[in-house]
Structures are given as structure tokens and as C-alpha cells.
Amino acid sequence: MHFYIGFLLPIHMKINVIKKSLSFFLPVFLLIVLSGCEKKYEAPDHYAVDLFKDERTEGKAYIMNEEECFDGSELVIASGNVKLTDSSKGRGKTFFLYKVKSGKIMKTIRDSVVDYPFMFLSDQRLKLKNDSIYLYLKKLEGYRFIAAERNLKYQWLKAAPVYSVKKDK
């Protein structure tokens, strides 16, 4: 019997040893090399210019003050008889319908007389108070099917909150 050690192995035996070790180490070696060669693109900071950094207010909605609401609306009514009558929450675009039974006209552009009761539409749910409030309304835009069905002419001014009527003393 012959004892074969290391480099003294016959050539046909050396090939089998090389194939087995290569079949194990080659995939491990390729994974190491490919993971080390991955290059991620990083944008340089000197190209980034924020043009609106002073004007940015994220997470906060703009709320108009009373003068802006009064100037931006076409019809302002002081009323204490406002009720939510219907809403489309969960059925497409959300809107709310409010009914005004009576009120005092504070400003008008188009109509000098408003027939009570009338309804108006709002994109947001209004926080109605028990006392008299100002209704800031503008001409209805869109919603032509619901406007024809419910005889709507006005909608709530978009960024206007609900303001209470101040009593003059």
C-alpha cells in the first residue's frame, strides 16, 4: 500500500479534492465580493436648495381670521338656527349639508334677499355652537347633481372656522 500525503497525491486524486473545495468556497467567496461592491447613489448636499424653507409649515392648516373670512365670502349671515341635516361620509367625497332656518344678513354681493329656510354645503364638519354664529358662504362650485336635487346655492368658505357673534354692549 502506498501512503499519499499532500502534494505527493496522484493527479487524478488532486482534481477531486479541488472540485469539492471549490464547490463549497466559490459561492461563499462570490457573496462576499458582490456584497462589498454594492454602490448606493447619494445626492451631494451642495445641490439641495430649499426654496421655501421660510414658508414651510407642515402639519398645520391655515385658519382665516374674522376679517379675512368676511372679505373672502360672498354672503355672511349671523344665525343661531343652523342644523346638520345630511352628510355623505363613507359614500365617496365627504360633504355635509346644513339647514339655516333664520338669520340676519351681514354682507351680500349677489342677493339682497335670502329666502329662509335654505341649505348650504360644507366640505368639513362644522363645530356648531349653541349661540349665534357667523356663516361665511360663497357661491356653490361643482356638486351639480346634489345642487339640483336639494336646491343648493351656497357652500362654506373653505378655510373659515366657526366664529360666534359678539354682542355689542
# chains A, B, ... in the order shown; residues from 1 in each chain; ligands from 1
call {"tool": "residues_around", "arguments": {"residues": "A:Asp86", "least_positions_apart": "6", "cutoff": "10 Å", "atoms": "only C-alpha atoms", "output": "PDB file with N, CA, C and O atoms, in the first residue's frame"}}
result
ATOM      1  N   PHE A  95     -68.995  65.349   2.235  1.00  0.00           N
ATOM      2  CA  PHE A  95     -69.535  66.695   2.370  1.00  0.00           C
ATOM      3  C   PHE A  95     -70.688  66.652   3.364  1.00  0.00           C
ATOM      4  O   PHE A  95     -71.251  65.594   3.653  1.00  0.00           O
ATOM      5  N   PHE A  96     -71.023  67.817   3.897  1.00  0.00           N
ATOM      6  CA  PHE A  96     -72.070  67.935   4.900  1.00  0.00           C
ATOM      7  C   PHE A  96     -73.066  69.001   4.450  1.00  0.00           C
ATOM      8  O   PHE A  96     -72.673  70.042   3.913  1.00  0.00           O
ATOM      9  N   LEU A  97     -74.363  68.745   4.681  1.00  0.00           N
ATOM     10  CA  LEU A  97     -75.422  69.684   4.332  1.00  0.00           C
ATOM     11  C   LEU A  97     -76.013  70.274   5.613  1.00  0.00           C
ATOM     12  O   LEU A  97     -76.389  69.541   6.524  1.00  0.00           O
ATOM     13  N   TYR A  98     -76.054  71.592   5.659  1.00  0.00           N
ATOM     14  CA  TYR A  98     -76.595  72.308   6.816  1.00  0.00           C
ATOM     15  C   TYR A  98     -77.810  73.113   6.401  1.00  0.00           C
ATOM     16  O   TYR A  98     -77.872  73.632   5.291  1.00  0.00           O
ATOM     17  N   LYS A  99     -78.777  73.218   7.324  1.00  0.00           N
ATOM     18  CA  LYS A  99     -80.001  73.963   7.064  1.00  0.00           C
ATOM     19  C   LYS A  99     -80.044  75.168   7.999  1.00  0.00           C
ATOM     20  O   LYS A  99     -79.844  75.042   9.197  1.00  0.00           O
ATOM     21  N   LEU A 121     -73.736  73.754   1.665  1.00  0.00           N
ATOM     22  CA  LEU A 121     -72.864  72.585   1.681  1.00  0.00           C
ATOM     23  C   LEU A 121     -71.520  72.965   2.280  1.00  0.00           C
ATOM     24  O   LEU A 121     -71.049  74.087   2.102  1.00  0.00           O
TER      25      LEU A 121
END
call {"tool": "closest_residue", "arguments": {"among": "A:Tyr143, A:Tyr134, A:Trp156, A:Phe29", "to": "A:Lys93", "atoms": "only C-alpha atoms"}}
result
A:Tyr143
call {"tool": "closest_residue", "arguments": {"among": "A:Ser79, A:Asn130, A:Gln155, A:Ser73", "to": "A:Gly142", "atoms": "only C-alpha atoms"}}
result
A:Gln155
call {"tool": "decode", "arguments": {"residues": "stretch 153-168 of chain A", "atoms": "all heavy atoms", "output": "compact mmCIF listing (two decimals), in the first residue's frame"}}
result
# COMPACT_ATOMS: atom_id res chain seq x y z
N LYS A 153 -77.38 76.69 -3.29
CA LYS A 153 -76.75 77.80 -4.00
C LYS A 153 -75.41 78.18 -3.38
O LYS A 153 -74.60 78.83 -4.03
CB LYS A 153 -77.67 79.02 -3.98
CG LYS A 153 -78.95 78.84 -4.73
CD LYS A 153 -79.79 80.10 -4.65
CE LYS A 153 -81.13 79.89 -5.31
NZ LYS A 153 -81.99 81.07 -5.14
N TYR A 154 -75.18 77.81 -2.13
CA TYR A 154 -74.00 78.28 -1.41
C TYR A 154 -73.22 77.12 -0.79
O TYR A 154 -73.78 76.06 -0.53
CB TYR A 154 -74.41 79.25 -0.30
CG TYR A 154 -75.09 80.48 -0.81
CD1 TYR A 154 -76.47 80.62 -0.73
CD2 TYR A 154 -74.35 81.50 -1.39
CE1 TYR A 154 -77.10 81.75 -1.21
CE2 TYR A 154 -74.97 82.64 -1.87
CZ TYR A 154 -76.34 82.76 -1.77
OH TYR A 154 -76.96 83.87 -2.25
N GLN A 155 -71.94 77.39 -0.57
CA GLN A 155 -71.09 76.46 0.16
C GLN A 155 -70.25 77.25 1.16
O GLN A 155 -70.06 78.44 1.02
CB GLN A 155 -70.20 75.65 -0.78
CG GLN A 155 -69.07 76.40 -1.42
CD GLN A 155 -68.26 75.53 -2.36
OE1 GLN A 155 -68.79 74.59 -2.94
NE2 GLN A 155 -67.00 75.84 -2.51
N TRP A 156 -69.76 76.55 2.17
CA TRP A 156 -68.96 77.15 3.23
C TRP A 156 -67.61 77.58 2.68
O TRP A 156 -67.00 76.88 1.87
CB TRP A 156 -68.76 76.14 4.35
CG TRP A 156 -68.07 76.67 5.55
CD1 TRP A 156 -66.77 76.49 5.88
CD2 TRP A 156 -68.63 77.45 6.60
NE1 TRP A 156 -66.47 77.12 7.06
CE2 TRP A 156 -67.61 77.72 7.52
CE3 TRP A 156 -69.89 77.97 6.84
CZ2 TRP A 156 -67.81 78.47 8.67
CZ3 TRP A 156 -70.09 78.71 7.98
CH2 TRP A 156 -69.05 78.96 8.88
N LEU A 157 -67.11 78.74 3.11
CA LEU A 157 -65.79 79.23 2.73
C LEU A 157 -64.76 78.26 3.28
O LEU A 157 -64.77 77.95 4.47
CB LEU A 157 -65.59 80.64 3.28
CG LEU A 157 -64.37 81.39 2.80
CD1 LEU A 157 -64.44 81.62 1.30
CD2 LEU A 157 -64.28 82.73 3.52
N LYS A 158 -63.85 77.76 2.44
CA LYS A 158 -63.02 76.60 2.76
C LYS A 158 -62.18 76.71 4.03
O LYS A 158 -62.20 75.83 4.85
CB LYS A 158 -62.11 76.28 1.57
CG LYS A 158 -61.37 74.98 1.75
CD LYS A 158 -60.77 74.51 0.49
CE LYS A 158 -60.10 73.18 0.74
NZ LYS A 158 -60.19 72.29 -0.35
N ALA A 159 -61.41 77.75 4.21
CA ALA A 159 -60.50 77.83 5.37
C ALA A 159 -61.11 78.59 6.53
O ALA A 159 -60.41 78.96 7.47
CB ALA A 159 -59.19 78.48 4.95
N ALA A 160 -62.41 78.83 6.51
CA ALA A 160 -63.06 79.61 7.55
C ALA A 160 -63.49 78.72 8.72
O ALA A 160 -64.14 77.70 8.51
CB ALA A 160 -64.27 80.34 6.98
N PRO A 161 -63.15 79.10 9.94
CA PRO A 161 -63.67 78.39 11.11
C PRO A 161 -65.03 78.96 11.51
O PRO A 161 -65.54 79.90 10.88
CB PRO A 161 -62.62 78.67 12.18
CG PRO A 161 -62.08 80.00 11.81
CD PRO A 161 -62.12 80.06 10.30
N VAL A 162 -65.62 78.42 12.56
CA VAL A 162 -66.89 78.92 13.06
C VAL A 162 -66.60 79.98 14.13
O VAL A 162 -65.93 79.70 15.11
CB VAL A 162 -67.73 77.76 13.65
CG1 VAL A 162 -69.01 78.30 14.26
CG2 VAL A 162 -68.03 76.75 12.58
N TYR A 163 -67.09 81.19 13.90
CA TYR A 163 -66.92 82.29 14.86
C TYR A 163 -68.27 82.64 15.47
O TYR A 163 -69.28 82.73 14.76
CB TYR A 163 -66.34 83.55 14.19
CG TYR A 163 -64.89 83.43 13.85
CD1 TYR A 163 -64.46 83.38 12.53
CD2 TYR A 163 -63.91 83.36 14.84
CE1 TYR A 163 -63.12 83.26 12.21
CE2 TYR A 163 -62.58 83.26 14.53
CZ TYR A 163 -62.18 83.21 13.22
OH TYR A 163 -60.85 83.11 12.91
N SER A 164 -68.28 82.88 16.77
CA SER A 164 -69.51 83.29 17.47
C SER A 164 -69.76 84.77 17.21
O SER A 164 -68.84 85.55 17.04
CB SER A 164 -69.37 83.05 18.96
OG SER A 164 -69.24 81.68 19.23
N VAL A 165 -71.05 85.13 17.23
CA VAL A 165 -71.44 86.52 17.07
C VAL A 165 -71.16 87.24 18.39
O VAL A 165 -71.59 86.78 19.45
CB VAL A 165 -72.92 86.65 16.68
CG1 VAL A 165 -73.35 88.11 16.65
CG2 VAL A 165 -73.17 85.99 15.36
N LYS A 166 -70.42 88.34 18.32
CA LYS A 166 -70.11 89.10 19.52
C LYS A 166 -71.23 90.09 19.79
O LYS A 166 -71.67 90.79 18.91
CB LYS A 166 -68.78 89.84 19.34
CG LYS A 166 -67.62 88.91 19.16
CD LYS A 166 -66.36 89.67 18.87
CE LYS A 166 -65.25 88.68 18.60
NZ LYS A 166 -64.13 89.28 17.93
N LYS A 167 -71.67 90.13 21.02
CA LYS A 167 -72.72 91.05 21.44
C LYS A 167 -72.13 92.43 21.69
O LYS A 167 -71.13 92.57 22.40
CB LYS A 167 -73.41 90.55 22.71
CG LYS A 167 -73.98 89.15 22.59
CD LYS A 167 -75.18 89.13 21.71
CE LYS A 167 -75.75 87.71 21.64
NZ LYS A 167 -76.76 87.55 20.69
N ASP A 168 -72.72 93.46 21.10
CA ASP A 168 -72.28 94.84 21.36
C ASP A 168 -72.88 95.30 22.68
O ASP A 168 -74.08 95.20 22.91
CB ASP A 168 -72.73 95.77 20.22
CG ASP A 168 -72.03 95.44 18.93
OD1 ASP A 168 -70.89 94.96 18.99
OD2 ASP A 168 -72.62 95.68 17.86
